[in-house]
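start.cif (mmCIF, C-alpha atoms and all ligand atoms) appears below.
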data_upload
loop_
_atom_site.label_atom_id
_atom_site.label_comp_id
_atom_site.auth_asym_id
_atom_site.auth_seq_id
_atom_site.Cartn_x
_atom_site.Cartn_y
_atom_site.Cartn_z
CA MET A 1 4.14 17.83 17.66
CA SER A 2 5.83 20.78 19.32
CA ALA A 3 5.47 24.30 17.94
CA ALA A 4 9.13 24.33 16.90
CA GLU A 5 8.71 21.16 14.84
CA GLU A 6 5.55 22.53 13.30
CA ASN A 7 7.42 25.64 12.17
CA ALA A 8 10.15 23.58 10.54
CA ALA A 9 7.67 21.68 8.35
CA ILE A 10 8.67 21.87 4.70
CA LEU A 11 5.42 20.27 3.52
CA GLU A 12 2.10 21.14 5.13
CA VAL A 13 -1.13 19.65 3.90
CA ALA A 14 -4.29 21.08 5.44
CA ASP A 15 -7.84 19.82 5.06
CA MET A 16 -7.19 18.26 1.69
CA ARG A 17 -10.14 16.76 -0.17
CA VAL A 18 -9.96 14.86 -3.43
CA TRP A 19 -13.18 13.73 -5.01
CA TYR A 20 -13.34 11.75 -8.24
CA GLY A 21 -16.20 12.36 -10.66
CA THR A 22 -18.05 15.59 -11.17
CA ARG A 23 -21.59 14.45 -11.79
CA GLY A 24 -23.58 11.95 -9.79
CA ASP A 25 -22.12 10.82 -6.50
CA PRO A 26 -18.39 11.42 -6.31
CA VAL A 27 -15.84 9.02 -4.84
CA ARG A 28 -14.56 10.85 -1.78
CA ALA A 29 -11.11 9.30 -1.93
CA VAL A 30 -9.46 11.84 0.40
CA ASP A 31 -11.78 13.65 2.75
CA GLY A 32 -10.32 16.32 4.98
CA VAL A 33 -6.75 15.22 5.60
CA SER A 34 -4.07 17.26 7.36
CA PHE A 35 -0.45 16.42 8.04
CA SER A 36 2.98 17.97 7.82
CA ILE A 37 6.53 16.72 7.32
CA GLY A 38 9.69 18.42 8.52
CA ALA A 39 12.97 18.55 6.63
CA GLY A 40 14.84 15.28 7.10
CA GLU A 41 11.77 13.55 8.47
CA THR A 42 9.99 10.47 7.15
CA LEU A 43 6.25 10.06 7.58
CA GLY A 44 4.81 6.63 6.88
CA LEU A 45 1.27 6.51 5.48
CA VAL A 46 -0.51 3.21 6.04
CA GLY A 47 -3.99 1.80 5.54
CA GLU A 48 -5.84 -0.89 3.61
CA SER A 49 -5.94 -0.95 -0.15
CA GLY A 50 -8.43 1.58 -1.55
CA CYS A 51 -8.41 3.93 1.46
CA GLY A 52 -6.95 6.84 -0.55
CA LYS A 53 -3.18 6.67 0.01
CA SER A 54 -2.12 7.00 -3.63
CA THR A 55 -4.71 9.70 -4.23
CA LEU A 56 -3.28 11.64 -1.31
CA GLY A 57 0.27 11.22 -2.64
CA ARG A 58 -0.60 12.28 -6.17
CA GLY A 59 -2.86 15.08 -4.99
CA THR A 60 -0.02 16.52 -2.94
CA LEU A 61 2.05 16.91 -6.10
CA GLY A 62 -0.83 18.04 -8.32
CA LEU A 63 -0.71 14.82 -10.34
CA LEU A 64 -4.35 13.82 -10.46
CA PRO A 65 -6.51 13.14 -13.54
CA PRO A 66 -8.73 16.06 -14.67
CA MET A 67 -11.86 14.38 -13.30
CA ALA A 68 -10.52 14.76 -9.78
CA SER A 69 -11.39 17.88 -7.83
CA VAL A 70 -8.99 19.00 -5.13
CA SER A 71 -9.54 21.42 -2.29
CA GLY A 72 -7.61 22.40 0.79
CA SER A 73 -4.04 23.55 1.00
CA VAL A 74 -0.64 22.07 0.20
CA ARG A 75 2.16 24.36 1.28
CA TYR A 76 5.68 23.52 0.20
CA ASP A 77 8.43 25.71 1.59
CA GLY A 78 5.88 28.49 2.11
CA ARG A 79 4.39 28.25 -1.41
CA GLU A 80 0.82 27.09 -2.09
CA LEU A 81 0.71 24.22 -4.58
CA VAL A 82 -3.06 23.82 -4.89
CA GLY A 83 -4.11 25.99 -7.80
CA MET A 84 -0.52 26.83 -8.78
CA ASP A 85 0.23 27.42 -12.46
CA PRO A 86 0.78 23.92 -13.96
CA LYS A 87 4.03 24.91 -15.64
CA GLU A 88 5.48 26.34 -12.46
CA LEU A 89 4.49 23.19 -10.61
CA ARG A 90 6.00 20.98 -13.34
CA ASP A 91 9.33 22.75 -12.96
CA MET A 92 9.31 22.05 -9.24
CA ARG A 93 8.78 18.34 -9.78
CA GLY A 94 12.12 16.62 -9.88
CA PRO A 95 14.51 18.92 -8.08
CA GLU A 96 12.16 19.96 -5.30
CA LEU A 97 9.26 17.55 -5.34
CA GLY A 98 10.40 14.04 -6.15
CA LEU A 99 8.20 11.05 -6.65
CA ILE A 100 8.49 7.34 -6.95
CA PHE A 101 5.31 5.61 -7.96
CA GLN A 102 4.26 2.00 -7.94
CA GLU A 103 3.52 2.13 -11.61
CA PRO A 104 5.92 4.73 -13.00
CA MET A 105 4.09 7.58 -14.75
CA THR A 106 6.94 8.11 -17.14
CA ARG A 107 8.74 5.22 -18.76
CA LEU A 108 12.28 4.80 -19.88
CA ASP A 109 12.68 5.69 -23.54
CA PRO A 110 13.62 2.46 -25.39
CA LEU A 111 15.76 4.41 -27.88
CA GLN A 112 17.95 6.14 -25.31
CA THR A 113 20.74 4.75 -23.17
CA ILE A 114 20.58 4.96 -19.41
CA GLU A 115 23.37 7.53 -19.57
CA LYS A 116 21.25 9.76 -21.82
CA HIS A 117 18.29 9.52 -19.44
CA PHE A 118 20.42 10.72 -16.56
CA ARG A 119 22.10 13.46 -18.57
CA GLU A 120 18.76 14.86 -19.71
CA THR A 121 17.22 14.68 -16.25
CA LEU A 122 20.16 16.44 -14.63
CA ARG A 123 20.69 19.05 -17.35
CA THR A 124 16.99 19.97 -17.47
CA HIS A 125 17.20 21.12 -13.89
CA GLU A 126 20.89 21.93 -13.53
CA PRO A 127 22.00 23.21 -16.96
CA ASP A 128 25.49 24.18 -15.81
CA LEU A 129 26.62 20.69 -14.75
CA ASP A 130 29.70 19.53 -16.65
CA ASP A 131 30.03 16.03 -18.12
CA ASP A 132 32.21 14.72 -15.31
CA GLU A 133 29.77 15.86 -12.70
CA VAL A 134 26.82 14.39 -14.59
CA ARG A 135 28.65 11.09 -14.80
CA ARG A 136 29.68 11.10 -11.15
CA ARG A 137 26.22 11.88 -9.82
CA SER A 138 24.51 9.41 -12.16
CA LEU A 139 26.82 6.52 -11.32
CA GLU A 140 26.48 7.25 -7.65
CA ALA A 141 22.68 7.16 -7.86
CA LEU A 142 22.79 3.95 -9.89
CA ALA A 143 25.30 2.31 -7.56
CA GLY A 144 22.95 3.08 -4.69
CA MET A 145 20.33 1.00 -6.47
CA GLY A 146 22.78 -1.79 -7.18
CA ILE A 147 23.30 -1.00 -10.88
CA PRO A 148 27.03 -1.21 -11.75
CA PRO A 149 28.79 1.49 -13.85
CA THR A 150 29.47 -1.07 -16.60
CA ARG A 151 25.80 -0.86 -17.53
CA PHE A 152 25.64 2.93 -17.87
CA LYS A 153 25.67 2.90 -21.67
CA GLN A 154 23.10 0.15 -22.08
CA TYR A 155 19.52 0.47 -23.32
CA PRO A 156 16.38 -0.18 -21.23
CA HIS A 157 15.60 -3.51 -22.93
CA GLU A 158 18.92 -4.89 -21.67
CA PHE A 159 17.64 -4.74 -18.08
CA SER A 160 15.12 -6.85 -16.19
CA GLY A 161 11.82 -5.32 -15.07
CA GLY A 162 13.08 -5.03 -11.50
CA MET A 163 16.26 -3.29 -12.65
CA ARG A 164 14.27 -0.83 -14.77
CA GLN A 165 12.21 0.00 -11.69
CA ARG A 166 15.44 0.63 -9.76
CA ILE A 167 16.76 2.83 -12.58
CA MET A 168 13.55 4.88 -12.41
CA ILE A 169 14.07 5.30 -8.68
CA ALA A 170 17.70 6.34 -9.23
CA LEU A 171 16.48 8.91 -11.78
CA ALA A 172 14.10 10.38 -9.20
CA LEU A 173 16.77 10.47 -6.52
CA VAL A 174 19.66 11.86 -8.58
CA LEU A 175 18.17 15.35 -8.25
CA ASN A 176 18.20 15.15 -4.44
CA PRO A 177 14.62 16.38 -4.06
CA LYS A 178 13.63 18.37 -0.97
CA VAL A 179 10.41 16.40 -0.65
CA LEU A 180 10.05 12.83 -1.82
CA ILE A 181 6.77 10.98 -2.12
CA ALA A 182 7.37 7.27 -2.46
CA ASP A 183 4.22 5.24 -3.18
CA GLU A 184 4.83 1.59 -2.27
CA PRO A 185 8.33 1.83 -3.76
CA THR A 186 9.36 -1.62 -2.64
CA THR A 187 6.18 -3.62 -3.09
CA ALA A 188 7.14 -5.28 -6.37
CA LEU A 189 10.77 -5.82 -5.39
CA ASP A 190 12.54 -8.51 -3.43
CA VAL A 191 13.74 -8.01 0.14
CA ILE A 192 17.35 -7.29 -0.79
CA VAL A 193 16.35 -4.47 -3.11
CA GLU A 194 13.83 -3.32 -0.54
CA ALA A 195 16.62 -3.01 2.02
CA GLN A 196 18.71 -1.07 -0.53
CA ILE A 197 15.88 1.37 -1.18
CA LEU A 198 15.25 1.93 2.50
CA GLY A 199 18.99 2.54 2.91
CA ILE A 200 18.96 5.09 0.12
CA LEU A 201 15.99 6.89 1.63
CA ALA A 202 17.88 7.07 4.93
CA ASP A 203 20.94 8.51 3.13
CA LEU A 204 18.80 11.12 1.39
CA ARG A 205 17.41 12.32 4.68
CA ARG A 206 20.82 12.40 6.30
CA ASN A 207 22.70 14.03 3.44
CA PHE A 208 20.09 16.31 1.91
CA ASP A 209 17.50 16.76 4.65
CA THR A 210 14.88 15.35 2.32
CA ALA A 211 11.36 15.09 3.75
CA VAL A 212 9.84 11.75 2.80
CA LEU A 213 6.24 10.60 2.61
CA LEU A 214 6.53 6.83 2.47
CA ILE A 215 3.30 5.13 1.44
CA THR A 216 3.22 1.46 2.28
CA HIS A 217 0.93 -1.25 3.53
CA ASN A 218 3.87 -2.81 5.38
CA LEU A 219 3.94 -1.78 9.03
CA GLY A 220 7.35 -3.43 9.40
CA ILE A 221 8.79 -0.91 6.94
CA VAL A 222 7.21 1.94 8.88
CA ALA A 223 8.69 0.65 12.14
CA GLU A 224 12.09 0.41 10.51
CA ALA A 225 12.20 3.51 8.33
CA CYS A 226 9.75 6.15 9.62
CA ASP A 227 9.87 8.77 12.35
CA ARG A 228 6.14 9.29 12.33
CA VAL A 229 3.15 7.36 11.06
CA ALA A 230 -0.28 8.37 9.76
CA VAL A 231 -3.00 5.74 9.65
CA MET A 232 -5.62 6.23 6.97
CA TYR A 233 -9.09 4.72 6.88
CA ALA A 234 -11.73 5.39 4.22
CA GLY A 235 -10.31 8.73 3.08
CA GLU A 236 -9.44 10.07 6.53
CA ILE A 237 -6.39 10.01 8.77
CA VAL A 238 -7.61 8.43 11.99
CA GLU A 239 -4.37 8.45 13.97
CA GLN A 240 -0.96 10.05 13.51
CA GLY A 241 2.06 10.51 15.68
CA ASP A 242 5.52 9.28 16.58
CA ALA A 243 5.84 5.83 14.99
CA ARG A 244 7.26 4.17 18.10
CA GLU A 245 4.63 5.68 20.38
CA VAL A 246 1.79 4.76 18.06
CA PHE A 247 2.97 1.16 17.68
CA ALA A 248 3.60 0.84 21.42
CA GLU A 249 0.29 2.39 22.39
CA PRO A 250 -2.11 2.55 19.45
CA ALA A 251 -5.08 4.70 20.41
CA HIS A 252 -7.42 3.93 17.50
CA PRO A 253 -9.07 0.49 17.26
CA TYR A 254 -8.31 0.47 13.52
CA THR A 255 -4.59 0.91 14.20
CA ARG A 256 -4.81 -1.94 16.70
CA GLU A 257 -6.53 -4.12 14.10
CA LEU A 258 -3.85 -3.31 11.52
CA LEU A 259 -1.13 -4.24 13.99
CA ARG A 260 -2.97 -7.40 15.00
CA ALA A 261 -3.37 -8.40 11.35
CA THR A 262 0.35 -7.80 10.74
CA ILE A 263 1.39 -9.88 13.73
CA SER A 264 -0.98 -12.72 12.87
CA LEU A 265 0.36 -12.64 9.30
CA GLU A 266 3.84 -13.24 10.68
CA THR A 267 2.83 -15.97 13.13
CA THR A 268 -0.05 -17.84 11.53
CA GLY A 269 -0.12 -16.68 7.92
CA LEU A 270 -3.60 -15.22 8.40
CA ASN A 271 -4.06 -11.59 7.65
CA TYR A 272 -7.42 -9.95 7.76
CA ILE A 273 -9.49 -7.40 9.54
CA ASP A 274 -13.12 -8.42 9.92
CA GLY A 275 -15.46 -6.87 7.37
CA ALA A 276 -14.68 -5.03 4.17
CA PRO A 277 -13.57 -1.42 3.70
CA PRO A 278 -16.58 0.82 3.04
CA SER A 279 -17.65 2.47 -0.19
CA LEU A 280 -16.13 5.92 -0.57
CA ILE A 281 -19.18 7.07 -2.53
CA ASP A 282 -21.46 6.62 0.43
CA PRO A 283 -19.25 6.06 3.48
CA PRO A 284 -20.76 5.22 6.87
CA PRO A 285 -21.91 8.29 8.82
CA ALA A 286 -20.14 9.63 11.92
CA CYS A 287 -17.05 7.49 12.54
CA ARG A 288 -16.43 5.65 9.27
CA PHE A 289 -14.91 2.69 11.08
CA HIS A 290 -17.86 2.13 13.42
CA PRO A 291 -19.47 -0.74 11.43
CA ARG A 292 -16.23 -2.77 11.71
CA CYS A 293 -15.03 -1.52 15.07
CA PRO A 294 -14.78 -4.09 17.86
CA ASN A 295 -15.16 -1.28 20.44
CA ALA A 296 -17.93 0.78 18.85
CA MET A 297 -20.15 2.80 21.17
CA ALA A 298 -23.51 4.43 20.57
CA VAL A 299 -21.93 7.85 19.92
CA CYS A 300 -19.71 6.42 17.17
CA ALA A 301 -22.68 5.96 14.83
CA GLU A 302 -24.06 9.43 15.61
CA LEU A 303 -21.27 11.98 15.69
CA ALA A 304 -17.99 12.29 13.80
CA PRO A 305 -15.13 11.91 16.28
CA GLU A 306 -13.03 14.94 17.07
CA GLU A 307 -9.27 15.03 17.06
CA THR A 308 -7.81 14.41 20.51
CA THR A 309 -4.39 13.58 21.93
CA GLY A 310 -3.61 9.97 22.80
CA GLY A 311 -1.37 8.52 25.53
CA GLY A 312 1.68 8.54 23.25
CA GLY A 313 1.14 12.18 22.22
CA GLN A 314 -0.44 11.09 18.93
CA ARG A 315 -3.45 12.77 17.33
CA VAL A 316 -6.41 10.43 17.18
CA ARG A 317 -10.00 10.59 16.01
CA CYS A 318 -11.88 8.14 18.18
CA TRP A 319 -14.56 8.68 20.82
CA LEU A 320 -12.89 6.09 23.07
CA ASN A 321 -10.30 8.78 23.61
CA GLY A 322 -12.89 11.47 24.31
CA PRO A 323 -13.33 14.36 24.70
CA GLU A 324 -15.58 13.17 27.51
CA GLU A 325 -17.64 16.37 27.73
CA ARG A 326 -18.72 16.04 24.06
CA ILE A 327 -20.08 12.52 24.40
CA PRO A 328 -23.84 12.71 24.83
CA GLU A 329 -25.72 10.99 27.62
CA GLY A 330 -25.66 7.23 27.03
CA GLY A 331 -23.09 7.65 24.25
CA ARG A 332 -20.67 5.25 25.89
CA GLU A 333 -23.15 2.37 25.78
CA PRO A 334 -21.99 -0.38 23.40
CA LEU A 335 -23.28 0.20 19.90
CA GLU A 336 -26.40 -1.81 19.09
CA ARG A 337 -25.72 -3.08 15.64
CA GLU A 338 -28.60 -3.53 13.23
CA GLU A 339 -27.64 -7.05 12.24
CA ILE A 340 -27.34 -8.09 15.89
CA ALA A 341 -30.69 -6.50 16.70
CA ALA A 342 -32.27 -8.15 13.65
CA ALA A 343 -30.87 -11.56 14.62
CA GLU A 344 -32.20 -11.22 18.16
CA GLU A 345 -35.66 -10.36 16.91
CA ALA A 346 -35.77 -13.39 14.66
N1 LIG B 401 -8.93 7.81 -11.38
C1 LIG B 401 -9.87 7.41 -10.51
N2 LIG B 401 -11.17 7.58 -10.80
C2 LIG B 401 -12.14 7.20 -9.92
N3 LIG B 401 -11.90 6.65 -8.74
C3 LIG B 401 -10.62 6.45 -8.39
C4 LIG B 401 -9.53 6.82 -9.26
N4 LIG B 401 -8.36 6.50 -8.65
C5 LIG B 401 -8.71 5.95 -7.46
N5 LIG B 401 -10.06 5.93 -7.32
C6 LIG B 401 -10.80 5.45 -6.13
O1 LIG B 401 -10.39 6.22 -5.02
C7 LIG B 401 -10.27 5.40 -3.87
C8 LIG B 401 -8.87 5.50 -3.30
O2 LIG B 401 -7.95 4.89 -4.20
P1 LIG B 401 -6.38 4.94 -3.99
O3 LIG B 401 -5.99 6.35 -3.72
O4 LIG B 401 -5.75 4.27 -5.14
O5 LIG B 401 -6.21 4.07 -2.66
P2 LIG B 401 -4.93 3.27 -2.11
O6 LIG B 401 -3.71 3.85 -2.74
O7 LIG B 401 -4.99 3.46 -0.63
O8 LIG B 401 -5.13 1.84 -2.47
C9 LIG B 401 -10.68 3.99 -4.30
O9 LIG B 401 -12.06 3.84 -4.00
C10 LIG B 401 -10.47 4.02 -5.78
O10 LIG B 401 -11.34 3.11 -6.42
MG MG B 402 -2.13 2.90 -3.83
#
So, in terms of structure tokens, how does the structure I just supplied come out?
Ligand SMILES: Nc1ncnc2c1ncn2[C@@H]1O[C@H](COP(=O)(O)OP(=O)(O)O)[C@@H](O)[C@H]1O
Ligand SMILES: [Mg+2]
Amino acid sequence: MSAAEENAAILEVADMRVWYGTRGDPVRAVDGVSFSIGAGETLGLVGESGCGKSTLGRGTLGLLPPMASVSGSVRYDGRELVGMDPKELRDMRGPELGLIFQEPMTRLDPLQTIEKHFRETLRTHEPDLDDDEVRRRSLEALAGMGIPPTRFKQYPHEFSGGMRQRIMIALALVLNPKVLIADEPTTALDVIVEAQILGILADLRRNFDTAVLLITHNLGIVAEACDRVAVMYAGEIVEQGDAREVFAEPAHPYTRELLRATISLETTGLNYIDGAPPSLIDPPPACRFHPRCPNAMAVCAELAPEETTGGGGQRVRCWLNGPEERIPEGGREPLEREEIAAAEEA
């Protein structure tokens, strides 16, 4: 990323750690993650289930359970969110920091019409809006999600589950947040609604310069909807950069495996990466991916990789990409794996 782009970042997360559990061995769900998003930019966050994506999304907005401990820095528009007064942070959620979660944290109130939900949401943050304006903005947000104006005065139970999810999304978007964190917003929905949501996100960026963190396990969505991509493995970001460059020239073996699994899913219906994701209580030392890595070298089990720049300008943490002078003598030898060594001895 160029210095100019870096300066324009509206959201900057630096060295964030989120550990669950205070006594005993904590789950290190997010372990030293840094990224930034510029106004009008969409960053896709991908990685296998359990690698810490949702924790990162919630942690960014200060929405973690009390048993989670957070460190590092989250700067939004120059203000530090980590450690901010909870009330101040709550007021920023909605108009400035928007969120769409897989399982909505708030539910629609069964006793209130959809109209009432929108009026309250808008008036809470923009008290001076008149009725016409409330109506116009609400219907526009609903129309974007495929909900016709004829249904504005209906109650939540009159809608299907999928429609309620779309109404929740419209409620998050009606405030035109400056930053939007969308955690697998389309996973439970069909492809037509998925396309609508991706269209809406594109409109938000265009019209309101919204910065979007789009969490998904679908690399196709990233290719279609994201400017940049961050690949997460076992609590760490292992590669991030321009989405096209990263997909054209992935520098980290884990990114290559993810891409391979996606392509084989499309062509053969098989979708797996050998081995299971590691425990986040006691993750593998040095490079966390080394036990599953098809290209692991001796150094990978000994030293944590440093961040380097890949061929597509991306930032990557993998010894294959150097830096050469930090790799100890013999470090480039193929990794001797214990199970292989044990099998040979037998
Ligand atoms: N409230 C919680 N308490 C303890 N561990 C949790 C909690 N939420 C998530 N985890 C653990 O943190 C890790 C990351 O989870 P999560 O952020 O949900 O990953 P992802 O969204 O990538 O699937 C997992 O090991 C998960 O079991
Ligand atoms: Mg998740």
### Task
Collect all residues with atoms no farther than 8 Å from ligand MG 402 (chain B), counting all atoms listed in the file, and output them as a VMD selection string.
chain A and resid 49 to 50 52 to 55 102 183 to 184 215
For the residues selected in the previous step, produce a file with C-alpha atoms as a PDB file, keeping the file's coordinate frame.
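Dumped to selection_14.pdb:
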ATOM      1  CA  SER A  49      -5.940  -0.950  -0.150  1.00  0.00           C
ATOM      2  CA  GLY A  50      -8.430   1.580  -1.550  1.00  0.00           C
ATOM      3  CA  GLY A  52      -6.950   6.840  -0.550  1.00  0.00           C
ATOM      4  CA  LYS A  53      -3.180   6.670   0.010  1.00  0.00           C
ATOM      5  CA  SER A  54      -2.120   7.000  -3.630  1.00  0.00           C
ATOM      6  CA  THR A  55      -4.710   9.700  -4.230  1.00  0.00           C
ATOM      7  CA  GLN A 102       4.260   2.000  -7.940  1.00  0.00           C
ATOM      8  CA  ASP A 183       4.220   5.240  -3.180  1.00  0.00           C
ATOM      9  CA  GLU A 184       4.830   1.590  -2.270  1.00  0.00           C
ATOM     10  CA  ILE A 215       3.300   5.130   1.440  1.00  0.00           C
TER      11      ILE A 215
END
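Considering the residues A:Arg228, A:Arg166, A:Arg58, A:Arg119 and counting all atoms listed in the file, ligand LIG 401 (chain B) has its shortest atom-to-atom contact with A:Arg58.
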### Message
Please return as a ChimeraX atom specification every residue within 10 Å of (-11.6, 17.9, 20.7), taking into account all atoms listed in the file and the file's own coordinates.
### Response
/A:305-309,316-317,319,321-326
### Query
Residues at most 9 Å from A:Leu201, counting only C-alpha atoms, excluding those fewer than 4 positions away in the same chain, as a VMD selection string?
chain A and resid 42 173 196 to 197 205 to 206 210 212 225
### Query
Between A:Ser138, A:Ser264, A:Thr60, A:Asn295, which has the minimum distance to A:Leu99 (counting only C-alpha atoms)?
A:Thr60
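The nearest approach to ligand LIG 401 (chain B) among the residues A:Cys318, A:Met168, A:Ile147, A:Val46, with all atoms listed in the file taken into account, belongs to A:Val46.
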Could you give me, as a PDB file with C-alpha atoms, in the frame of the given file, the residues that have an atom at most 10 Å away from the point (0.2, 7.6, 14.4) in the coordinates of the file, using all atoms listed in the file?
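This went into part.pdb:
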ATOM      1  CA  LEU A  43       6.250  10.060   7.580  1.00  0.00           C
ATOM      2  CA  GLY A  44       4.810   6.630   6.880  1.00  0.00           C
ATOM      3  CA  LEU A  45       1.270   6.510   5.480  1.00  0.00           C
ATOM      4  CA  VAL A  46      -0.510   3.210   6.040  1.00  0.00           C
ATOM      5  CA  ASP A 227       9.870   8.770  12.350  1.00  0.00           C
ATOM      6  CA  ARG A 228       6.140   9.290  12.330  1.00  0.00           C
ATOM      7  CA  VAL A 229       3.150   7.360  11.060  1.00  0.00           C
ATOM      8  CA  ALA A 230      -0.280   8.370   9.760  1.00  0.00           C
ATOM      9  CA  VAL A 231      -3.000   5.740   9.650  1.00  0.00           C
ATOM     10  CA  MET A 232      -5.620   6.230   6.970  1.00  0.00           C
ATOM     11  CA  ILE A 237      -6.390  10.010   8.770  1.00  0.00           C
ATOM     12  CA  VAL A 238      -7.610   8.430  11.990  1.00  0.00           C
ATOM     13  CA  GLU A 239      -4.370   8.450  13.970  1.00  0.00           C
ATOM     14  CA  GLN A 240      -0.960  10.050  13.510  1.00  0.00           C
ATOM     15  CA  GLY A 241       2.060  10.510  15.680  1.00  0.00           C
ATOM     16  CA  ASP A 242       5.520   9.280  16.580  1.00  0.00           C
ATOM     17  CA  ALA A 243       5.840   5.830  14.990  1.00  0.00           C
ATOM     18  CA  ARG A 244       7.260   4.170  18.100  1.00  0.00           C
ATOM     19  CA  GLU A 245       4.630   5.680  20.380  1.00  0.00           C
ATOM     20  CA  VAL A 246       1.790   4.760  18.060  1.00  0.00           C
ATOM     21  CA  PHE A 247       2.970   1.160  17.680  1.00  0.00           C
ATOM     22  CA  GLU A 249       0.290   2.390  22.390  1.00  0.00           C
ATOM     23  CA  PRO A 250      -2.110   2.550  19.450  1.00  0.00           C
ATOM     24  CA  ALA A 251      -5.080   4.700  20.410  1.00  0.00           C
ATOM     25  CA  HIS A 252      -7.420   3.930  17.500  1.00  0.00           C
ATOM     26  CA  THR A 255      -4.590   0.910  14.200  1.00  0.00           C
ATOM     27  CA  GLY A 310      -3.610   9.970  22.800  1.00  0.00           C
ATOM     28  CA  GLY A 312       1.680   8.540  23.250  1.00  0.00           C
ATOM     29  CA  GLY A 313       1.140  12.180  22.220  1.00  0.00           C
ATOM     30  CA  GLN A 314      -0.440  11.090  18.930  1.00  0.00           C
ATOM     31  CA  ARG A 315      -3.450  12.770  17.330  1.00  0.00           C
ATOM     32  CA  VAL A 316      -6.410  10.430  17.180  1.00  0.00           C
TER      33      VAL A 316
END
### Message
As a quick test: using only C-alpha atoms and all ligand atoms, which residues lie no more than 12 Å away from ligand LIG 401 (chain B)? Give them as JSON, numbers by chain.
### Response
{"A": [17, 18, 19, 20, 21, 22, 25, 26, 27, 28, 29, 30, 31, 45, 46, 47, 48, 49, 50, 51, 52, 53, 54, 55, 56, 57, 58, 59, 60, 63, 64, 65, 66, 67, 68, 69, 101, 102, 103, 182, 183, 184, 214, 215, 216, 217, 231, 232, 233, 234, 235, 236, 237, 277, 278, 279, 280, 281, 282, 283]}
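You can rank A:Leu175, A:Glu120, A:Met297, A:Ile100 by their closest distance to A:Glu329 using all atoms listed in the file, and at the top of that list sits A:Met297.
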